[in-house]
Amino acid sequence: MNQMKEVSSGEMLSLCKRRGFIYPAYEIYGGIAGLYDYGPLGTALKGNIADLWRRTYVLQEGFVEIDGDTIGPEAVFKASGHVDNFADLSVTCKACGESFRADHLAKGLHPNPDSLSIEELQGLLRANGVRCPCGGEFADVEEFNLMFKTKIGPGAGRTGYLRPETAQSIFVNYINLYRHCRERLPFGCIQVGRGYRNEISPRQGVIRLREFNMMEAELFVDPEDKSWPRYGRIKDRKVRLVPNTDGVEVEMGIGEAVDRGIIGNETLAYFIWVTYDFLTAVGIDPARLRFRQHLKAEMAHYASDCWDAEALISFGWTEIVGIADRGCWDLSQHMRFSKADLTAFKRFDEPKEVERDAIRPKFGAIGPRFKGAAGDIKRQMEAMDASAIHDGLVTVIVDGTPVDLDADHYDVVRVREKVNGVRVVPHVIEPSHGLDRILYSCLEHAYAERDGYVTLRLRPAVAPIKVGVFPLMAKDGMEEVAKALDLALREEGIATYYDDSGSIGRRYARMDEVGTPWCVTVDYDTLEKGDVTIRDRDTAEQARVPADDVVAWVKDRLKHGLVC
RNA sequence: GCAGGUGUAAUCUAGCGGUCAGGAUUUUAGCCUUCCAAGCUAAAUACUCGGGUUCGAAUCCCGACACCUGCACCA
């Protein structure tokens with residue numbers, strides 16, 4: 001077997017630039033860290049990966065796709081938690097370089113350090129002589145806001161942010177999508193698009209970017225039924241798992257992992273498999289792919305379970321997909337901030353006659369006391385039943401503050417109601433893919449070098465160019481035949497590269513280096529017998545095929561069914 | 001953001017205060033060539049940017065920017 005040399009990130013990025021996959025952005029102006037442009041081949045590769053992903057989610061799993069805005073008003077990111085959690089006040093030790101959350105250091109010095117401004121926090125830390133555990137002195141308090149802030153509209157405008165993830169565009173469209181999907185759970189929505197994070201220290205080429213491409217799927221499920229119809233057919237498939245219990249890597253069946261409680265539920269498990277299937281289909285090496293469960297401490301507070309697909313590349317094990325059960329957190333947050341009803345109605349098979357103890361407001365007491373707020377209090381009471389009464393008191397929110405109301409303000413009445421169903425806040429299962437990272441991992445995993453000769457063994461489905469078309473030499477009419485064949489392929493939507501320059505070997509080499517799976521050569525025999533050679537990139541073997549059959553030959557090999 | 005290292009064509013690189021910055025690969029034009037980076041001829045493209053020291057700077061110094069390695073960050 002070939003001695004495969006491990007590719008370094010430097011060599012990889014050099015090839016990416018030389019061959020038009022990825023360019024450092026704004027290079028003629030000195031470049032900006034964390035920004036890269038996709039060149040002609042990189043753009044094609046990215047598009048092909050995204051298309052395959054769409055096939056998986058839209059055609060195979062029945063998701064719908066939207067395309068949301070990348071700019072959003074502040075309220076959206078208040079609700080999502082990004083405004084507060086994404087902007088930390090921090091201080092760095094001048095001596096040892098360690099960074100700390102400034103508000104954490106101020107704990108015990110102030111009842112609510114979270115509420116302080118930069119200046120106040122600065123003063124508080126200075127006044128109390130807070131120092132680093134190493135004994136060093138702290139530099140000034142700084143704000144790290146990981147979101148790009150902007151103004152929407154002229155003048156003062158409204159504060160807006162570039163979205164740090166695409167997911168929010170789906171959550172804010174929940175009502176529209178729920179209706180579009182005929183008001184039934186589960187339903188899923190995907191989005192391919194850009195997100196923005198003002199990273200403190202972008203590094204590692206295209207792995208940590210300030211503007212990046214994501215492919216995110218949000219699946220809205222019944223909180224009490226996290227099963228999935230297609231689960232049964234894949235539950236015996238095996239993947240490499242690294243559970244957070246002991247951190248030991250195991251190869252295990254999807255179903256077994258669910259049965260043993262390692263993976264939280266069937267749907268999550270199913271999409272771990274879909275992710276495995278998708279990643280290997282675009283060319284991630286199964287031997288360099290694993291699923292690592294987030295540690296309890298690492299998991300976002302709202303997530304109940306989260307698995308990262310990690311690829312082994314020159315930077316080490318790198319997260320390329322995160323698959324999380326986010327519970328009802330996102331929709332609940334947006335309900336709280338927007339007051340919109342982001343629930344699903346679960347219809348019972350049979351309407352139920354239920355009796356319950358309802359709370360009925362006494363307007364004689366509430367009206368004079370609360371005036372305009374009485375209507376809102378009525379609505380709150382109607383949403384409750386007797387179980388909300390504690391020590392004879394009912395708690396309602398008036399102008400944002402809780403108010404306890406005694407029995408003078410309400411009656412408890414036994415009511416009989418017909419109930420057709422129940423409203424639930426759907427839970428969200430989110431497979432979130434870093435497209436740039438997947439693309440880069442594909443390149444590294446496709447990289448094969450022997451004696452300085454580089455071949456990118458990209459899967460045909462994602463290869464930017466599918467077929468190189470050459471006349472053996474540009475004379476004696478061979479170029480006309482080759483050009484006609486080239487056109488015939490392109491007319492069928494197959495990306496080709498026509499080349500009649502230099503030696504045939506050099507042309508093959510050029511195609512090998514950009515991952516073109518097949519090269520078709522028109523030679524003297526073609527002129528007489530009408531057949532051509534098709535040369536395979538990975539084996540360098542040649543097959544003779546009638547020129548008229550080439551289009552069908554290629555289409556047949558590019559035809560990919562749905563994966564699992 | 002901190003500390004250290006590095007910046008010469010599209011890529012890899014020579015240079016170490018002193019003639020038009022050298023080579024290789026690549027690319028382009030032409031010749032040659034009957035299938036795997038062949039050969040010949042010509043051509044194109046570079047000292048990251050901005051200051052300073054010096055008679056003279058790719059070379060020494062300062063700053064910015066970018067890249068690499070650690071640290072920190074990565075909801």
# chains A, B, ... in the order shown; residues from 1 in each chain; ligands from 1
>>> residues_around(residues="C60 in chain B", least_positions_apart="2", cutoff="9 Å", atoms="only C-alpha atoms (C1' of nucleotides)", output="PyMOL selection string")
chain B and resi 17+53+57
>>> interface_residues(of="chain A", to="chain B", cutoff="9 Å", atoms="only C-alpha atoms (C1' of nucleotides)", output="PyMOL selection string")
chain A and resi 10+14-15+17-19+27+29-33+81-82+85-86+92+94+96-100+199-201+208+300-301+453+472-473+502-510+521+523-524+533+540
>>> select_by_dssp(residues="range 270-365 of chain A", states="helix (DSSP H, G or I)", output="list in words")
Tyr270, Phe271, Ile272, Trp273, Val274, Thr275, Tyr276, Asp277, Phe278, Leu279, Thr280, Ala281, Val282, Pro286, Ala287, Arg288, Trp329, Asp330, Leu331, Ser332, Gln333, His334, Met335, Arg336, Phe337, Ser338, Phe363, Gly364 and Ala365 of chain A
>>> write_last_selection(atoms="N, CA, C and O atoms", output="mmCIF file, in the first residue's frame")
data_model
loop_
_atom_site.group_PDB
_atom_site.id
_atom_site.type_symbol
_atom_site.label_atom_id
_atom_site.label_comp_id
_atom_site.auth_asym_id
_atom_site.auth_seq_id
_atom_site.Cartn_x
_atom_site.Cartn_y
_atom_site.Cartn_z
ATOM 1 N N TYR A 270 -31.033 8.740 16.001
ATOM 2 C CA TYR A 270 -31.244 8.611 14.559
ATOM 3 C C TYR A 270 -30.434 9.656 13.805
ATOM 4 O O TYR A 270 -29.794 9.364 12.792
ATOM 5 N N PHE A 271 -30.432 10.876 14.325
ATOM 6 C CA PHE A 271 -29.715 11.932 13.606
ATOM 7 C C PHE A 271 -28.204 11.854 13.796
ATOM 8 O O PHE A 271 -27.456 12.400 12.991
ATOM 9 N N ILE A 272 -27.776 11.169 14.830
ATOM 10 C CA ILE A 272 -26.343 10.860 14.908
ATOM 11 C C ILE A 272 -25.988 9.941 13.739
ATOM 12 O O ILE A 272 -24.993 10.140 13.055
ATOM 13 N N TRP A 273 -26.866 8.975 13.489
ATOM 14 C CA TRP A 273 -26.607 8.090 12.349
ATOM 15 C C TRP A 273 -26.671 8.834 11.021
ATOM 16 O O TRP A 273 -25.814 8.680 10.152
ATOM 17 N N VAL A 274 -27.687 9.694 10.857
ATOM 18 C CA VAL A 274 -27.808 10.465 9.616
ATOM 19 C C VAL A 274 -26.543 11.290 9.392
ATOM 20 O O VAL A 274 -26.024 11.395 8.280
ATOM 21 N N THR A 275 -26.043 11.858 10.480
ATOM 22 C CA THR A 275 -24.825 12.666 10.397
ATOM 23 C C THR A 275 -23.642 11.808 9.961
ATOM 24 O O THR A 275 -22.852 12.200 9.101
ATOM 25 N N TYR A 276 -23.539 10.628 10.554
ATOM 26 C CA TYR A 276 -22.463 9.711 10.177
ATOM 27 C C TYR A 276 -22.557 9.380 8.690
ATOM 28 O O TYR A 276 -21.575 9.434 7.954
ATOM 29 N N ASP A 277 -23.761 9.084 8.275
ATOM 30 C CA ASP A 277 -23.983 8.679 6.897
ATOM 31 C C ASP A 277 -23.665 9.820 5.931
ATOM 32 O O ASP A 277 -23.002 9.627 4.910
ATOM 33 N N PHE A 278 -24.108 11.006 6.292
ATOM 34 C CA PHE A 278 -23.845 12.176 5.453
ATOM 35 C C PHE A 278 -22.347 12.472 5.387
ATOM 36 O O PHE A 278 -21.791 12.686 4.299
ATOM 37 N N LEU A 279 -21.703 12.491 6.532
ATOM 38 C CA LEU A 279 -20.284 12.867 6.554
ATOM 39 C C LEU A 279 -19.442 11.878 5.757
ATOM 40 O O LEU A 279 -18.536 12.277 5.020
ATOM 41 N N THR A 280 -19.738 10.587 5.900
ATOM 42 C CA THR A 280 -18.950 9.617 5.150
ATOM 43 C C THR A 280 -19.280 9.698 3.655
ATOM 44 O O THR A 280 -18.420 9.481 2.815
ATOM 45 N N ALA A 281 -20.522 10.090 3.346
ATOM 46 C CA ALA A 281 -20.897 10.229 1.930
ATOM 47 C C ALA A 281 -20.153 11.386 1.262
ATOM 48 O O ALA A 281 -19.847 11.332 0.079
ATOM 49 N N VAL A 282 -19.852 12.436 2.002
ATOM 50 C CA VAL A 282 -19.117 13.547 1.386
ATOM 51 C C VAL A 282 -17.613 13.334 1.464
ATOM 52 O O VAL A 282 -16.841 14.141 0.942
ATOM 53 N N PRO A 286 -14.205 7.340 7.768
ATOM 54 C CA PRO A 286 -14.837 6.771 8.973
ATOM 55 C C PRO A 286 -13.826 6.472 10.088
ATOM 56 O O PRO A 286 -14.163 6.545 11.267
ATOM 57 N N ALA A 287 -12.586 6.164 9.691
ATOM 58 C CA ALA A 287 -11.570 5.857 10.696
ATOM 59 C C ALA A 287 -11.126 7.113 11.442
ATOM 60 O O ALA A 287 -10.484 7.026 12.477
ATOM 61 N N ARG A 288 -11.464 8.275 10.897
ATOM 62 C CA ARG A 288 -11.072 9.517 11.546
ATOM 63 C C ARG A 288 -12.320 10.315 11.928
ATOM 64 O O ARG A 288 -12.347 11.540 11.848
ATOM 65 N N TRP A 329 -36.123 25.050 25.265
ATOM 66 C CA TRP A 329 -35.507 26.316 25.656
ATOM 67 C C TRP A 329 -35.702 27.439 24.652
ATOM 68 O O TRP A 329 -36.148 28.527 24.999
ATOM 69 N N ASP A 330 -35.399 27.179 23.398
ATOM 70 C CA ASP A 330 -35.427 28.261 22.409
ATOM 71 C C ASP A 330 -36.828 28.840 22.242
ATOM 72 O O ASP A 330 -37.026 30.046 22.286
ATOM 73 N N LEU A 331 -37.802 27.951 22.053
ATOM 74 C CA LEU A 331 -39.159 28.443 21.836
ATOM 75 C C LEU A 331 -39.697 29.101 23.097
ATOM 76 O O LEU A 331 -40.396 30.114 23.026
ATOM 77 N N SER A 332 -39.390 28.566 24.252
ATOM 78 C CA SER A 332 -39.861 29.178 25.497
ATOM 79 C C SER A 332 -39.306 30.578 25.652
ATOM 80 O O SER A 332 -40.025 31.511 26.036
ATOM 81 N N GLN A 333 -38.037 30.726 25.340
ATOM 82 C CA GLN A 333 -37.425 32.041 25.437
ATOM 83 C C GLN A 333 -38.106 33.037 24.509
ATOM 84 O O GLN A 333 -38.406 34.155 24.897
ATOM 85 N N HIS A 334 -38.354 32.611 23.266
ATOM 86 C CA HIS A 334 -38.987 33.536 22.322
ATOM 87 C C HIS A 334 -40.433 33.803 22.704
ATOM 88 O O HIS A 334 -40.959 34.879 22.436
ATOM 89 N N MET A 335 -41.099 32.842 23.330
ATOM 90 C CA MET A 335 -42.456 33.093 23.822
ATOM 91 C C MET A 335 -42.423 34.160 24.904
ATOM 92 O O MET A 335 -43.243 35.065 24.942
ATOM 93 N N ARG A 336 -41.452 34.037 25.794
ATOM 94 C CA ARG A 336 -41.345 34.961 26.912
ATOM 95 C C ARG A 336 -41.074 36.388 26.419
ATOM 96 O O ARG A 336 -41.680 37.342 26.872
ATOM 97 N N PHE A 337 -40.175 36.510 25.443
ATOM 98 C CA PHE A 337 -39.774 37.848 24.998
ATOM 99 C C PHE A 337 -40.737 38.440 23.975
ATOM 100 O O PHE A 337 -40.904 39.646 23.917
ATOM 101 N N SER A 338 -41.335 37.600 23.135
ATOM 102 C CA SER A 338 -42.163 38.137 22.054
ATOM 103 C C SER A 338 -43.644 38.092 22.379
ATOM 104 O O SER A 338 -44.438 38.745 21.728
ATOM 105 N N PHE A 363 -64.407 40.359 39.695
ATOM 106 C CA PHE A 363 -64.106 41.687 39.149
ATOM 107 C C PHE A 363 -64.464 42.800 40.113
ATOM 108 O O PHE A 363 -63.908 43.886 40.042
ATOM 109 N N GLY A 364 -65.370 42.527 41.036
ATOM 110 C CA GLY A 364 -65.740 43.544 42.009
ATOM 111 C C GLY A 364 -64.533 43.984 42.815
ATOM 112 O O GLY A 364 -64.426 45.150 43.220
ATOM 113 N N ALA A 365 -63.596 43.051 43.049
ATOM 114 C CA ALA A 365 -62.408 43.400 43.826
ATOM 115 C C ALA A 365 -61.244 43.791 42.924
ATOM 116 O O ALA A 365 -60.511 44.742 43.189
#
>>> closest_residue(among="A:Gln204, A:Ser169, A:Thr159, A:Asn145", to="U69 in chain B", atoms="only C-alpha atoms (C1' of nucleotides)")
A:Gln204
>>> closest_residue(among="A:Ala407, A:Ala373, A:Leu52, A:Val76", to="Leu558 in chain A", atoms="only C-alpha atoms")
A:Leu52
>>> residues_around(residues="A46 in chain B", least_positions_apart="5", cutoff="10 Å", atoms="only C-alpha atoms (C1' of nucleotides)", output="VMD selection string")
chain B and resid 8 to 9 21
>>> atom_distance(atom1="CA of Asp512 in chain A", atom2="CA of Phe21 in chain A")
14.2 Å
>>> atom_distance(atom1="CA of Met147 in chain A", atom2="CA of Asp69 in chain A")
15.3 Å
>>> select_by_dssp(residues="range 339-454 of chain A", states="strand (DSSP E)", output="ChimeraX atom specification")
/A:344-361,394-398,401-405,410-424,427-434,447-450,453-454
>>> residues_around(residues="A24 in chain B", least_positions_apart="5", cutoff="12 Å", atoms="only C-alpha atoms (C1' of nucleotides)", output="list in words")
U11, C12, U13 and A14 of chain B
>>> atom_distance(atom1="CA of Ser9 in chain A", atom2="CA of Ile313 in chain A")
8.5 Å
